[in-house]
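Colleague: Please find model_15.cif (mmCIF, C-alpha atoms (C1' of nucleotides)) on the next line:
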data_run
loop_
_atom_site.label_atom_id
_atom_site.label_comp_id
_atom_site.auth_asym_id
_atom_site.auth_seq_id
_atom_site.Cartn_x
_atom_site.Cartn_y
_atom_site.Cartn_z
CA MET A 3 0.00 0.00 0.00
CA GLY A 4 1.57 3.20 -1.24
CA LEU A 5 1.89 6.67 0.20
CA ARG A 6 -1.08 7.87 -1.81
CA ASP A 7 -3.46 5.39 -0.23
CA ARG A 8 -2.14 6.13 3.24
CA GLN A 9 -2.61 9.86 2.82
CA ARG A 10 -6.06 9.33 1.42
CA ALA A 11 -7.08 7.22 4.40
CA GLU A 12 -5.56 9.78 6.76
CA THR A 13 -7.45 12.66 5.18
CA ARG A 14 -10.66 10.69 5.28
CA LEU A 15 -10.26 9.91 8.95
CA GLN A 16 -9.42 13.52 9.79
CA VAL A 17 -12.48 14.81 7.99
CA GLN A 18 -14.78 12.30 9.62
CA THR A 19 -13.36 12.82 13.10
CA HIS A 20 -13.78 16.57 12.94
CA ALA A 21 -17.25 16.14 11.44
CA VAL A 22 -18.51 13.93 14.27
CA ARG A 23 -16.97 16.24 16.86
CA LEU A 24 -18.58 19.33 15.36
CA PHE A 25 -21.93 17.62 14.86
CA THR A 26 -21.90 16.52 18.50
CA ASP A 27 -20.72 19.82 19.98
CA VAL A 28 -22.35 22.39 17.70
CA GLY A 29 -25.23 20.38 16.22
CA TYR A 30 -25.74 18.58 12.94
CA ASP A 31 -27.86 21.22 11.22
CA ALA A 32 -25.85 24.10 12.65
CA THR A 33 -22.63 22.69 11.18
CA THR A 34 -22.08 23.24 7.47
CA VAL A 35 -19.92 21.08 5.27
CA ALA A 36 -17.70 24.12 4.83
CA ASP A 37 -17.22 24.20 8.62
CA VAL A 38 -16.17 20.55 8.60
CA ALA A 39 -13.76 21.16 5.74
CA ALA A 40 -12.20 24.17 7.47
CA ALA A 41 -11.77 22.22 10.72
CA ALA A 42 -10.07 19.38 8.87
CA GLY A 43 -7.89 21.78 6.90
CA VAL A 44 -9.20 20.84 3.45
CA SER A 45 -11.58 22.34 0.93
CA ALA A 46 -15.27 21.56 0.75
CA MET A 47 -14.68 19.76 -2.55
CA THR A 48 -12.34 17.32 -0.83
CA VAL A 49 -15.00 16.44 1.71
CA TYR A 50 -17.36 15.49 -1.10
CA ARG A 51 -14.63 13.47 -2.78
CA HIS A 52 -14.42 11.25 0.31
CA PHE A 53 -18.05 11.24 1.40
CA PRO A 54 -20.90 11.40 -1.10
CA THR A 55 -23.23 13.33 1.23
CA LYS A 56 -23.10 15.13 4.55
CA GLU A 57 -25.01 12.24 6.10
CA ASP A 58 -22.33 9.79 5.08
CA LEU A 59 -19.87 11.62 7.33
CA VAL A 60 -21.64 9.75 10.13
CA LEU A 61 -22.98 6.65 8.35
CA TYR A 62 -20.14 5.15 6.41
CA ASP A 63 -19.66 1.55 7.50
CA GLU A 64 -22.44 -1.03 7.91
CA TYR A 65 -21.92 -4.73 7.98
CA ASP A 66 -24.24 -6.00 5.29
CA PRO A 67 -21.94 -8.52 3.65
CA LEU A 68 -20.58 -9.72 7.00
CA THR A 69 -24.09 -10.25 8.30
CA ALA A 70 -25.19 -12.02 5.15
CA SER A 71 -22.30 -14.46 5.17
CA ALA A 72 -22.78 -15.07 8.91
CA VAL A 73 -26.40 -15.96 8.23
CA ALA A 74 -25.41 -18.34 5.47
CA ALA A 75 -22.89 -19.99 7.79
CA GLN A 76 -25.49 -20.92 10.43
CA PRO A 77 -26.48 -24.59 10.62
CA ALA A 78 -29.61 -25.24 8.58
CA SER A 79 -31.05 -27.33 11.40
CA LEU A 80 -31.95 -24.17 13.30
CA SER A 81 -35.12 -22.23 12.64
CA LEU A 82 -34.97 -19.31 10.26
CA ALA A 83 -35.31 -16.74 13.02
CA ALA A 84 -32.61 -18.47 15.09
CA ARG A 85 -30.17 -18.49 12.20
CA ILE A 86 -30.68 -14.79 11.49
CA GLY A 87 -30.65 -13.86 15.16
CA HIS A 88 -27.44 -15.72 15.94
CA ALA A 89 -25.78 -14.21 12.90
CA LEU A 90 -26.71 -10.70 14.03
CA SER A 91 -25.37 -11.31 17.50
CA GLU A 92 -22.13 -12.76 16.14
CA THR A 93 -21.60 -9.89 13.73
CA ALA A 94 -22.11 -7.39 16.54
CA ALA A 95 -19.45 -9.17 18.56
CA HIS A 96 -16.91 -8.55 15.84
CA GLY A 97 -17.84 -4.99 14.96
CA SER A 98 -17.98 -3.28 18.32
CA SER A 99 -14.45 -3.89 19.48
CA SER A 100 -12.36 -0.92 18.33
CA GLU A 101 -12.82 2.75 19.16
CA LYS A 102 -15.99 2.43 21.13
CA ALA A 103 -16.22 6.15 21.98
CA PHE A 104 -16.24 7.16 18.35
CA LEU A 105 -18.81 4.52 17.45
CA LEU A 106 -20.98 5.68 20.34
CA ALA A 107 -20.83 9.30 19.24
CA ARG A 108 -21.86 8.28 15.75
CA LEU A 109 -24.70 6.11 17.06
CA ARG A 110 -26.03 8.91 19.23
CA LEU A 111 -26.18 11.12 16.15
CA MET A 112 -27.94 8.36 14.23
CA ILE A 113 -30.56 8.23 16.97
CA SER A 114 -31.13 11.92 17.56
CA VAL A 115 -30.86 13.46 14.09
CA PRO A 116 -33.95 12.58 12.04
CA ALA A 117 -32.19 12.50 8.67
CA LEU A 118 -29.48 10.19 10.03
CA ARG A 119 -31.97 7.98 11.83
CA ALA A 120 -33.92 7.54 8.60
CA ARG A 121 -30.84 6.63 6.61
CA HIS A 122 -29.70 4.25 9.32
CA LEU A 123 -33.03 2.45 9.17
CA ASP A 124 -32.74 2.29 5.40
CA SER A 125 -29.38 0.58 5.75
CA GLN A 126 -31.20 -2.10 7.76
CA TYR A 127 -33.44 -2.49 4.78
CA ALA A 128 -30.34 -3.08 2.66
CA THR A 129 -29.14 -5.65 5.18
CA ALA A 130 -32.44 -7.48 4.84
CA ASP A 131 -31.87 -7.55 1.10
CA ALA A 132 -28.45 -9.08 1.63
CA ILE A 133 -29.87 -11.72 3.98
CA VAL A 134 -32.58 -12.62 1.49
CA ALA A 135 -29.99 -12.94 -1.26
CA ALA A 136 -27.86 -15.18 0.98
CA LEU A 137 -30.71 -17.51 1.96
CA ASP A 138 -33.46 -17.50 -0.57
CA ARG A 139 -33.17 -20.25 -3.12
CA SER A 140 -36.73 -21.15 -3.93
CA SER A 141 -40.23 -19.77 -4.35
CA PRO A 142 -41.54 -16.20 -3.96
CA GLU A 143 -43.45 -17.44 -0.92
CA GLU A 144 -40.17 -18.51 0.67
CA GLU A 145 -38.61 -15.16 -0.14
CA PHE A 146 -41.55 -13.44 1.54
CA ARG A 147 -41.06 -15.59 4.63
CA VAL A 148 -37.32 -14.93 4.75
CA ARG A 149 -37.69 -11.20 4.23
CA ALA A 150 -40.38 -10.85 6.88
CA THR A 151 -38.29 -12.79 9.38
CA ALA A 152 -35.17 -10.80 8.54
CA MET A 153 -36.92 -7.47 8.97
CA ALA A 154 -38.42 -8.62 12.27
CA CYS A 155 -35.03 -9.70 13.61
CA LEU A 156 -33.35 -6.53 12.40
CA GLY A 157 -36.03 -4.42 14.02
CA ALA A 158 -35.49 -6.13 17.36
CA ALA A 159 -31.71 -5.89 17.02
CA HIS A 160 -32.01 -2.20 16.27
CA VAL A 161 -33.74 -1.66 19.60
CA ALA A 162 -30.85 -3.45 21.28
CA LEU A 163 -28.36 -1.21 19.48
CA ILE A 164 -30.19 1.91 20.66
CA ARG A 165 -30.33 0.62 24.20
CA TRP A 166 -26.61 -0.09 24.07
CA ALA A 167 -25.88 3.46 22.89
CA GLU A 168 -28.15 4.99 25.53
CA THR A 169 -26.33 3.13 28.29
CA ASP A 170 -23.00 4.43 26.95
CA GLY A 171 -21.94 1.05 25.62
CA GLU A 172 -21.44 -0.50 29.05
CA GLY A 173 -23.55 -3.61 28.54
CA ASP A 174 -22.38 -6.12 25.97
CA LEU A 175 -24.04 -5.59 22.64
CA PRO A 176 -24.28 -9.23 21.50
CA GLY A 177 -25.98 -10.11 24.77
CA LEU A 178 -28.47 -7.26 24.39
CA ILE A 179 -29.29 -8.41 20.88
CA ARG A 180 -29.91 -11.95 22.09
CA GLN A 181 -32.05 -10.54 24.90
CA ALA A 182 -34.12 -8.49 22.46
CA LEU A 183 -34.61 -11.48 20.19
CA THR A 184 -35.60 -13.85 23.00
CA SER A 185 -38.05 -11.29 24.40
CA VAL A 186 -39.69 -11.25 20.98
CA PHE A 187 -39.52 -14.94 20.03
CA GLY A 188 -39.55 -16.56 23.44
CA ASP A 189 -36.95 -19.13 22.34
CA MET B 577 -66.22 24.55 7.93
CA GLY B 578 -65.81 27.81 6.03
CA LEU B 579 -64.81 28.57 2.48
CA ARG B 580 -61.25 29.29 3.55
CA ASP B 581 -60.71 25.79 4.94
CA ARG B 582 -62.30 24.21 1.89
CA GLN B 583 -60.05 26.14 -0.47
CA ARG B 584 -57.03 25.28 1.59
CA ALA B 585 -57.85 21.58 1.49
CA GLU B 586 -58.53 21.83 -2.25
CA THR B 587 -55.19 23.51 -2.94
CA ARG B 588 -53.40 20.96 -0.84
CA LEU B 589 -54.98 18.07 -2.71
CA GLN B 590 -54.24 19.65 -6.08
CA VAL B 591 -50.60 20.15 -5.19
CA GLN B 592 -50.17 16.63 -3.89
CA THR B 593 -51.98 15.02 -6.81
CA HIS B 594 -49.85 16.80 -9.38
CA ALA B 595 -46.73 16.05 -7.35
CA VAL B 596 -47.34 12.30 -7.26
CA ARG B 597 -48.21 12.27 -10.95
CA LEU B 598 -45.05 14.16 -11.92
CA PHE B 599 -42.86 12.09 -9.60
CA THR B 600 -44.25 8.91 -11.13
CA ASP B 601 -44.09 10.02 -14.77
CA VAL B 602 -40.98 12.20 -14.84
CA GLY B 603 -39.09 10.94 -11.80
CA TYR B 604 -38.69 12.20 -8.25
CA ASP B 605 -35.27 13.77 -8.63
CA ALA B 606 -36.00 15.08 -12.11
CA THR B 607 -39.05 16.97 -10.83
CA THR B 608 -38.39 20.21 -8.97
CA VAL B 609 -40.72 21.76 -6.43
CA ALA B 610 -41.11 24.64 -8.89
CA ASP B 611 -42.37 22.13 -11.47
CA VAL B 612 -44.95 20.84 -9.02
CA ALA B 613 -46.02 24.35 -8.16
CA ALA B 614 -46.39 25.31 -11.81
CA ALA B 615 -48.42 22.17 -12.56
CA ALA B 616 -50.75 22.92 -9.65
CA GLY B 617 -51.01 26.58 -10.63
CA VAL B 618 -49.51 28.01 -7.46
CA SER B 619 -46.17 29.48 -6.42
CA ALA B 620 -43.35 27.47 -4.91
CA MET B 621 -43.87 29.19 -1.57
CA THR B 622 -47.42 27.91 -1.42
CA VAL B 623 -46.18 24.35 -1.82
CA TYR B 624 -43.92 24.82 1.18
CA ARG B 625 -46.77 26.37 3.15
CA HIS B 626 -48.73 23.13 2.76
CA PHE B 627 -45.92 20.58 2.87
CA PRO B 628 -42.80 21.14 4.99
CA THR B 629 -40.48 19.31 2.58
CA LYS B 630 -40.55 17.84 -0.90
CA GLU B 631 -40.61 14.37 0.64
CA ASP B 632 -43.81 15.16 2.52
CA LEU B 633 -45.59 15.58 -0.80
CA VAL B 634 -45.60 11.77 -0.85
CA LEU B 635 -45.48 10.89 2.86
CA TYR B 636 -48.16 12.88 4.58
CA ASP B 637 -50.47 10.53 6.43
CA GLU B 638 -49.44 7.55 8.61
CA TYR B 639 -51.64 5.95 11.16
CA ASP B 640 -49.60 6.20 14.34
CA PRO B 641 -52.38 7.20 16.71
CA LEU B 642 -54.84 4.77 15.13
CA THR B 643 -52.37 1.93 15.48
CA ALA B 644 -51.53 2.84 19.05
CA SER B 645 -55.16 2.93 20.16
CA ALA B 646 -55.84 -0.33 18.31
CA VAL B 647 -52.99 -1.94 20.24
CA ALA B 648 -54.33 -0.65 23.52
CA ALA B 649 -57.78 -2.03 22.67
CA GLN B 650 -56.55 -5.63 22.24
CA PRO B 651 -57.44 -8.07 25.05
CA ALA B 652 -54.59 -8.34 27.52
CA SER B 653 -54.97 -12.12 27.55
CA LEU B 654 -53.14 -12.34 24.22
CA SER B 655 -49.38 -12.33 23.93
CA LEU B 656 -47.63 -9.06 23.28
CA ALA B 657 -46.79 -9.97 19.70
CA ALA B 658 -50.35 -11.09 19.05
CA ARG B 659 -51.81 -7.88 20.38
CA ILE B 660 -49.52 -5.72 18.24
CA GLY B 661 -49.95 -7.93 15.18
CA HIS B 662 -53.74 -7.97 15.34
CA ALA B 663 -53.77 -4.22 15.81
CA LEU B 664 -51.62 -3.69 12.72
CA SER B 665 -53.83 -5.93 10.63
CA GLU B 666 -56.97 -4.17 11.85
CA THR B 667 -55.57 -0.72 11.18
CA ALA B 668 -54.61 -1.75 7.65
CA ALA B 669 -58.16 -2.92 7.05
CA HIS B 670 -59.47 0.56 7.80
CA GLY B 671 -56.83 2.58 6.00
CA SER B 672 -56.67 0.93 2.60
CA SER B 673 -60.26 1.44 1.53
CA SER B 674 -60.40 4.76 -0.34
CA GLU B 675 -58.51 5.78 -3.45
CA LYS B 676 -56.37 2.72 -3.80
CA ALA B 677 -54.68 3.84 -7.02
CA PHE B 678 -53.36 7.00 -5.41
CA LEU B 679 -52.15 5.12 -2.35
CA LEU B 680 -50.43 2.58 -4.57
CA ALA B 681 -48.64 5.28 -6.54
CA ARG B 682 -47.40 6.81 -3.31
CA LEU B 683 -46.29 3.44 -1.98
CA ARG B 684 -44.37 2.66 -5.14
CA LEU B 685 -42.51 5.93 -4.75
CA MET B 686 -41.80 5.12 -1.10
CA ILE B 687 -40.27 1.84 -2.19
CA SER B 688 -38.21 2.99 -5.16
CA VAL B 689 -36.93 6.43 -4.10
CA PRO B 690 -34.21 6.05 -1.44
CA ALA B 691 -34.99 9.29 0.37
CA LEU B 692 -38.67 8.40 0.60
CA ARG B 693 -37.97 4.83 1.61
CA ALA B 694 -35.77 6.05 4.45
CA ARG B 695 -38.37 8.49 5.72
CA HIS B 696 -41.08 5.86 5.46
CA LEU B 697 -39.03 3.52 7.62
CA ASP B 698 -38.48 6.33 10.08
CA SER B 699 -42.23 6.77 10.35
CA GLN B 700 -42.37 3.13 11.45
CA TYR B 701 -39.96 4.10 14.16
CA ALA B 702 -42.43 6.78 15.24
CA THR B 703 -45.21 4.19 15.23
CA ALA B 704 -43.14 2.01 17.54
CA ASP B 705 -42.83 4.98 19.87
CA ALA B 706 -46.60 5.39 19.87
CA ILE B 707 -47.11 1.70 20.61
CA VAL B 708 -44.65 1.82 23.47
CA ALA B 709 -46.39 4.88 24.90
CA ALA B 710 -49.75 3.08 24.64
CA LEU B 711 -48.60 -0.12 26.33
CA ASP B 712 -45.65 0.47 28.60
CA ARG B 713 -46.61 1.12 32.18
CA SER B 714 -43.79 -0.38 34.15
CA SER B 715 -40.06 -1.00 34.19
CA PRO B 716 -37.38 -0.12 31.62
CA GLU B 717 -37.00 -3.85 31.00
CA GLU B 718 -40.66 -4.04 30.04
CA GLU B 719 -40.28 -1.04 27.73
CA PHE B 720 -37.33 -2.77 26.08
CA ARG B 721 -39.44 -5.87 25.55
CA VAL B 722 -42.38 -3.91 24.15
CA ARG B 723 -40.22 -1.83 21.84
CA ALA B 724 -38.35 -4.83 20.47
CA THR B 725 -41.60 -6.67 19.81
CA ALA B 726 -43.18 -3.61 18.21
CA MET B 727 -40.23 -3.07 15.88
CA ALA B 728 -40.22 -6.76 14.95
CA CYS B 729 -43.93 -6.74 14.11
CA LEU B 730 -43.63 -3.48 12.18
CA GLY B 731 -40.72 -4.85 10.20
CA ALA B 732 -42.73 -7.89 9.18
CA ALA B 733 -45.79 -5.78 8.38
CA HIS B 734 -43.65 -3.53 6.24
CA VAL B 735 -42.67 -6.49 4.08
CA ALA B 736 -46.36 -7.28 3.67
CA LEU B 737 -47.05 -3.69 2.64
CA ILE B 738 -44.33 -3.82 0.01
CA ARG B 739 -45.62 -7.12 -1.31
CA TRP B 740 -49.11 -5.66 -1.52
CA ALA B 741 -47.83 -2.68 -3.51
CA GLU B 742 -45.78 -4.88 -5.84
CA THR B 743 -48.82 -6.99 -6.68
CA ASP B 744 -50.79 -3.81 -7.49
CA GLY B 745 -52.93 -4.06 -4.39
CA GLU B 746 -54.85 -7.10 -5.58
CA GLY B 747 -54.36 -9.28 -2.51
CA ASP B 748 -55.94 -8.14 0.74
CA LEU B 749 -53.50 -6.21 2.86
CA PRO B 750 -54.71 -7.31 6.32
CA GLY B 751 -54.40 -10.94 5.22
CA LEU B 752 -50.87 -10.37 3.94
CA ILE B 753 -49.89 -8.75 7.22
CA ARG B 754 -51.27 -11.72 9.17
CA GLN B 755 -49.41 -14.04 6.82
CA ALA B 756 -46.13 -12.18 7.35
CA LEU B 757 -46.57 -12.25 11.10
CA THR B 758 -47.43 -15.94 11.26
CA SER B 759 -44.48 -16.81 9.04
CA VAL B 760 -42.29 -15.05 11.59
CA PHE B 761 -43.91 -16.12 14.84
CA GLY B 762 -45.44 -19.44 13.85
CA ASP B 763 -48.56 -18.71 15.86
"C1'" DC C 827 -73.48 46.17 5.64
"C1'" DT C 828 -69.12 47.99 6.79
"C1'" DT C 829 -64.76 47.43 8.74
"C1'" DC C 830 -60.90 45.47 10.64
"C1'" DG C 831 -57.89 41.77 11.86
"C1'" DA C 832 -56.17 37.46 10.37
"C1'" DA C 833 -54.89 34.15 7.17
"C1'" DC C 834 -53.36 32.94 2.34
"C1'" DT C 835 -50.51 33.95 -1.40
"C1'" DG C 836 -46.67 35.79 -4.14
"C1'" DT C 837 -42.07 38.03 -4.68
"C1'" DT C 838 -37.50 38.60 -3.53
"C1'" DA C 839 -33.21 37.62 -1.53
"C1'" DG C 840 -30.41 34.58 0.95
"C1'" DT C 841 -28.27 30.08 2.85
"C1'" DT C 842 -26.69 25.50 2.08
"C1'" DA C 843 -26.13 20.86 0.10
"C1'" DC C 844 -24.34 19.14 -3.89
"C1'" DT C 845 -22.46 18.85 -9.01
"C1'" DA C 846 -19.78 19.90 -13.24
"C1'" DC C 847 -15.82 21.63 -15.09
"C1'" DC C 848 -11.20 23.25 -15.34
"C1'" DA C 849 -6.43 23.90 -13.85
"C1'" DC C 850 -2.65 22.60 -10.80
"C1'" DT C 851 0.10 19.49 -8.07
"C1'" DT C 852 1.74 15.11 -6.54
"C1'" DT C 853 2.41 10.25 -6.84
"C1'" DG C 854 4.06 5.98 -8.88
"C1'" DA C 855 5.30 3.09 -12.66
"C1'" DT C 856 7.93 2.66 -16.91
"C1'" DA D 642 13.56 11.24 -16.20
"C1'" DT D 643 8.96 11.14 -17.95
"C1'" DC D 644 4.33 10.61 -18.35
"C1'" DA D 645 -0.27 9.02 -17.08
"C1'" DA D 646 -3.33 8.91 -13.24
"C1'" DA D 647 -5.16 10.51 -9.17
"C1'" DG D 648 -5.89 14.07 -5.52
"C1'" DT D 649 -6.93 18.77 -4.68
"C1'" DG D 650 -8.76 23.49 -5.10
"C1'" DG D 651 -11.51 27.17 -7.32
"C1'" DT D 652 -15.47 28.79 -9.74
"C1'" DA D 653 -19.95 28.63 -11.25
"C1'" DG D 654 -24.35 26.61 -11.22
"C1'" DT D 655 -28.76 24.00 -9.64
"C1'" DA D 656 -32.24 23.13 -6.33
"C1'" DA D 657 -34.19 22.60 -1.65
"C1'" DC D 658 -35.42 25.28 1.65
"C1'" DT D 659 -36.12 29.94 4.84
"C1'" DA D 660 -37.05 34.75 6.25
"C1'" DA D 661 -39.11 38.98 5.51
"C1'" DC D 662 -42.24 42.05 3.19
"C1'" DA D 663 -46.43 43.37 0.64
"C1'" DG D 664 -50.91 42.65 -1.47
"C1'" DT D 665 -55.28 40.28 -1.37
"C1'" DT D 666 -59.20 37.81 0.39
"C1'" DC D 667 -62.02 35.78 3.87
"C1'" DG D 668 -64.74 36.00 8.13
"C1'" DA D 669 -66.31 37.86 12.29
"C1'" DA D 670 -67.68 41.84 15.20
"C1'" DG D 671 -70.13 45.95 15.48
#
Rewrite the structure from the file as structure tokens, please.
Modeller:
Amino acid sequence: MGLRDRQRAETRLQVQTHAVRLFTDVGYDATTVADVAAAAGVSAMTVYRHFPTKEDLVLYDEYDPLTASAVAAQPASLSLAARIGHALSETAAHGSSSEKAFLLARLRLMISVPALRARHLDSQYATADAIVAALDRSSPEEEFRVRATAMACLGAAHVALIRWAETDGEGDLPGLIRQALTSVFGD
Amino acid sequence: MGLRDRQRAETRLQVQTHAVRLFTDVGYDATTVADVAAAAGVSAMTVYRHFPTKEDLVLYDEYDPLTASAVAAQPASLSLAARIGHALSETAAHGSSSEKAFLLARLRLMISVPALRARHLDSQYATADAIVAALDRSSPEEEFRVRATAMACLGAAHVALIRWAETDGEGDLPGLIRQALTSVFGD
DNA sequence: CTTCGAACTGTTAGTTACTACCACTTTGAT
DNA sequence: ATCAAAGTGGTAGTAACTAACAGTTCGAAG
């Protein structure tokens, strides 16, 4: 990996870090993209080169492919809901390890800012698509069943994620997700 | 109800009707608010006086309070998921009666346009809030349980709604919602 | 019926997110 | 050493909104 890639990654991180800090301290709407660019020491154009929209300064990652492959890796002997639920819990265990404070700040923004909350929910929709693509191999009726189950599990897991953020990330996220799922499905 | 209110309602309907038609025929992004205003024979400012954002030209209603009161009216002997699920199915039975073609056009936009899809999902989030407010009367743990169940049921119902729109509203929506919920919960 | 306040509408000017285009610099491979 | 490619900045432009002002119309009180 050359110097160019390293500098690009560095710039990207700087921009995003300053963005989340300003959004948290000053407010999302009260902070312009020009403000973020100035704080990061770049031009506004450079911000848009790294992040397609202002919202993406907060919402860049997402674990769609990871989740989908985790679902596919579950033993087929389990029920559909159990396979999806376990996969979600496992994926959360991997994702939430590094830089918890930064992730928490981003999550709080995703909860409190309407535009970010909406986009975050839409990314769940994309995750459901990925799960359907990873599992569905038969009839439209089966796809309907898989998609409904996936959306239900993702909805429950989302509540766990919010709870985790509201308690400052002190509980363990995979456990909260399992708790949310069992309180819905009994199992 | 005076002439003023009638004219206001008339203008609002005209604006929204032309908006949905233009969005469907020309495209959401390719249609400007000025285009909508011109088609409806009003100024752009008038559009904003009736609808806070361009997105709200498609997403105005939503049945939060209806759903919440329907949930509260379910017999407490049923399980939590059953109470919420039945309430969703009942609310859908009331809402989908009048002007199906217009509702379908709006739904198709909510599915295909990313910004509208995101806001539509966020309105589900608001519905979950209303359900929680209607049911929760005890501990934070109970609220967690209610919210997780509500989001799960709403996620499944959303899949039914999409399916209904994709099949041009020919199946019955309450039945599809029940089908989605039973394919998730077994019950 | 007249009059006066309030609401509806239009116009204008401004902010901000975002895009297209052009020129300049820097990197990395030949 | 050179040249193509990529990163960066500047300018200009579109479109979603907002604030403030002025004109018009409705509706209620006298």
Colleague: Using all atoms listed in the file, pick whichever of A:Thr93, A:Leu123, A:Ile133, A:Gly173 has the shortest atom-to-atom distance to Gly731 of chain B.
Modeller: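 The shortest atom-to-atom distance to Gly731 of chain B comes from A:Leu123.
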Colleague: List the spatial neighbours of Ala669 of chain B as a PyMOL selection string - criterion: any atom at most 12 Å away, only C-alpha atoms (C1' of nucleotides), same-chain residues fewer than 3 positions off excluded.
Modeller: chain B and resi 639+642-643+646+662-666+672-674+737+748-754
Colleague: Using the chain letters and numbers from the file, give me the residues hit by the PyMOL selection byres ((chain A) within 10 of (chain D)), as JSON, numbers by chain.
Modeller: {"A": [6, 9, 10, 44, 45, 46, 47, 48, 51]}
Colleague: Please indicate the distance in Å from atom CA of Arg23 of chain A to atom C1' of DT841 of chain C, rounded to one decimal place.
Modeller: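 Pair atom CA of Arg23 of chain A / atom C1' of DT841 of chain C returns 22.7 Å.
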Colleague: Please find the residues of chain A near chain C - the criterion being any atom within 10 Å, counting only C-alpha atoms (C1' of nucleotides) - and write them as a list in words.
Modeller: Gly4, Leu5, Arg6, Thr34, Val35, Ala36, Met47, Tyr50, Pro54, Thr55 and Lys56 of chain A
Colleague: Using the chain letters and numbers from this file, what does the PyMOL selection byres ((chain B) within 7 of (chain A)) select? Give the answer as a tab-separated table (two decimals) with C-alpha atoms, in the frame of the given file.
Modeller:
chain	number	residue	atom	x	y	z
B	693	ARG	CA	-37.97	4.83	1.61
B	694	ALA	CA	-35.77	6.05	4.45
B	695	ARG	CA	-38.37	8.49	5.72
B	697	LEU	CA	-39.03	3.52	7.62
B	698	ASP	CA	-38.48	6.33	10.08
B	721	ARG	CA	-39.44	-5.87	25.55
B	723	ARG	CA	-40.22	-1.83	21.84
B	724	ALA	CA	-38.35	-4.83	20.47
B	725	THR	CA	-41.60	-6.67	19.81
B	727	MET	CA	-40.23	-3.07	15.88
B	728	ALA	CA	-40.22	-6.76	14.95
B	729	CYS	CA	-43.93	-6.74	14.11
B	731	GLY	CA	-40.72	-4.85	10.20
B	732	ALA	CA	-42.73	-7.89	9.18
B	735	VAL	CA	-42.67	-6.49	4.08
B	756	ALA	CA	-46.13	-12.18	7.35
B	759	SER	CA	-44.48	-16.81	9.04
B	760	VAL	CA	-42.29	-15.05	11.59
B	761	PHE	CA	-43.91	-16.12	14.84
Colleague: Between atom CA of Phe25 of chain A and atom CA of Ala706 of chain B, what distance in Å does the model show, to one decimal?
Modeller: 28.0 Å
Colleague: Selection in question (the file shown): the PyMOL selection byres ((chain A and resi 103) around 12). Which residues does it include, as a PyMOL selection string?
Modeller: chain A and resi 19+22-23+98-102+104-110+167+170-172
Colleague: Just the number, please: distance in Å from atom CA of Asp63 of chain A to atom CA of Glu145 of chain A, one decimal.
Modeller: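 Between these atoms lies a distance of 26.4 Å.
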Colleague: Which is closest to Ala128 of chain A among A:Asp189, A:Tyr30, A:Asp7, A:Ala70, if we use all atoms listed in the file?
Modeller: A:Ala70
Colleague: As AutoDock Vina command-line options, please report the centre and edge lengths, rounded to one decimal in Å, of the axis-aligned box that holds all listed atoms of segment 846-854 of chain C with 6 Å of padding on each of the six sides.
Modeller:
--center_x -7.9 --center_y 14.9 --center_z -10.9 --size_x 35.8 --size_y 29.9 --size_z 20.8
Colleague: Pick out the closest residue to Ala40 of chain A from this set: A:Val17, A:Leu80, A:Met112, A:Ala135. Count all atoms listed in the file.
Modeller: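 Smallest distance to Ala40 of chain A is found for A:Val17.
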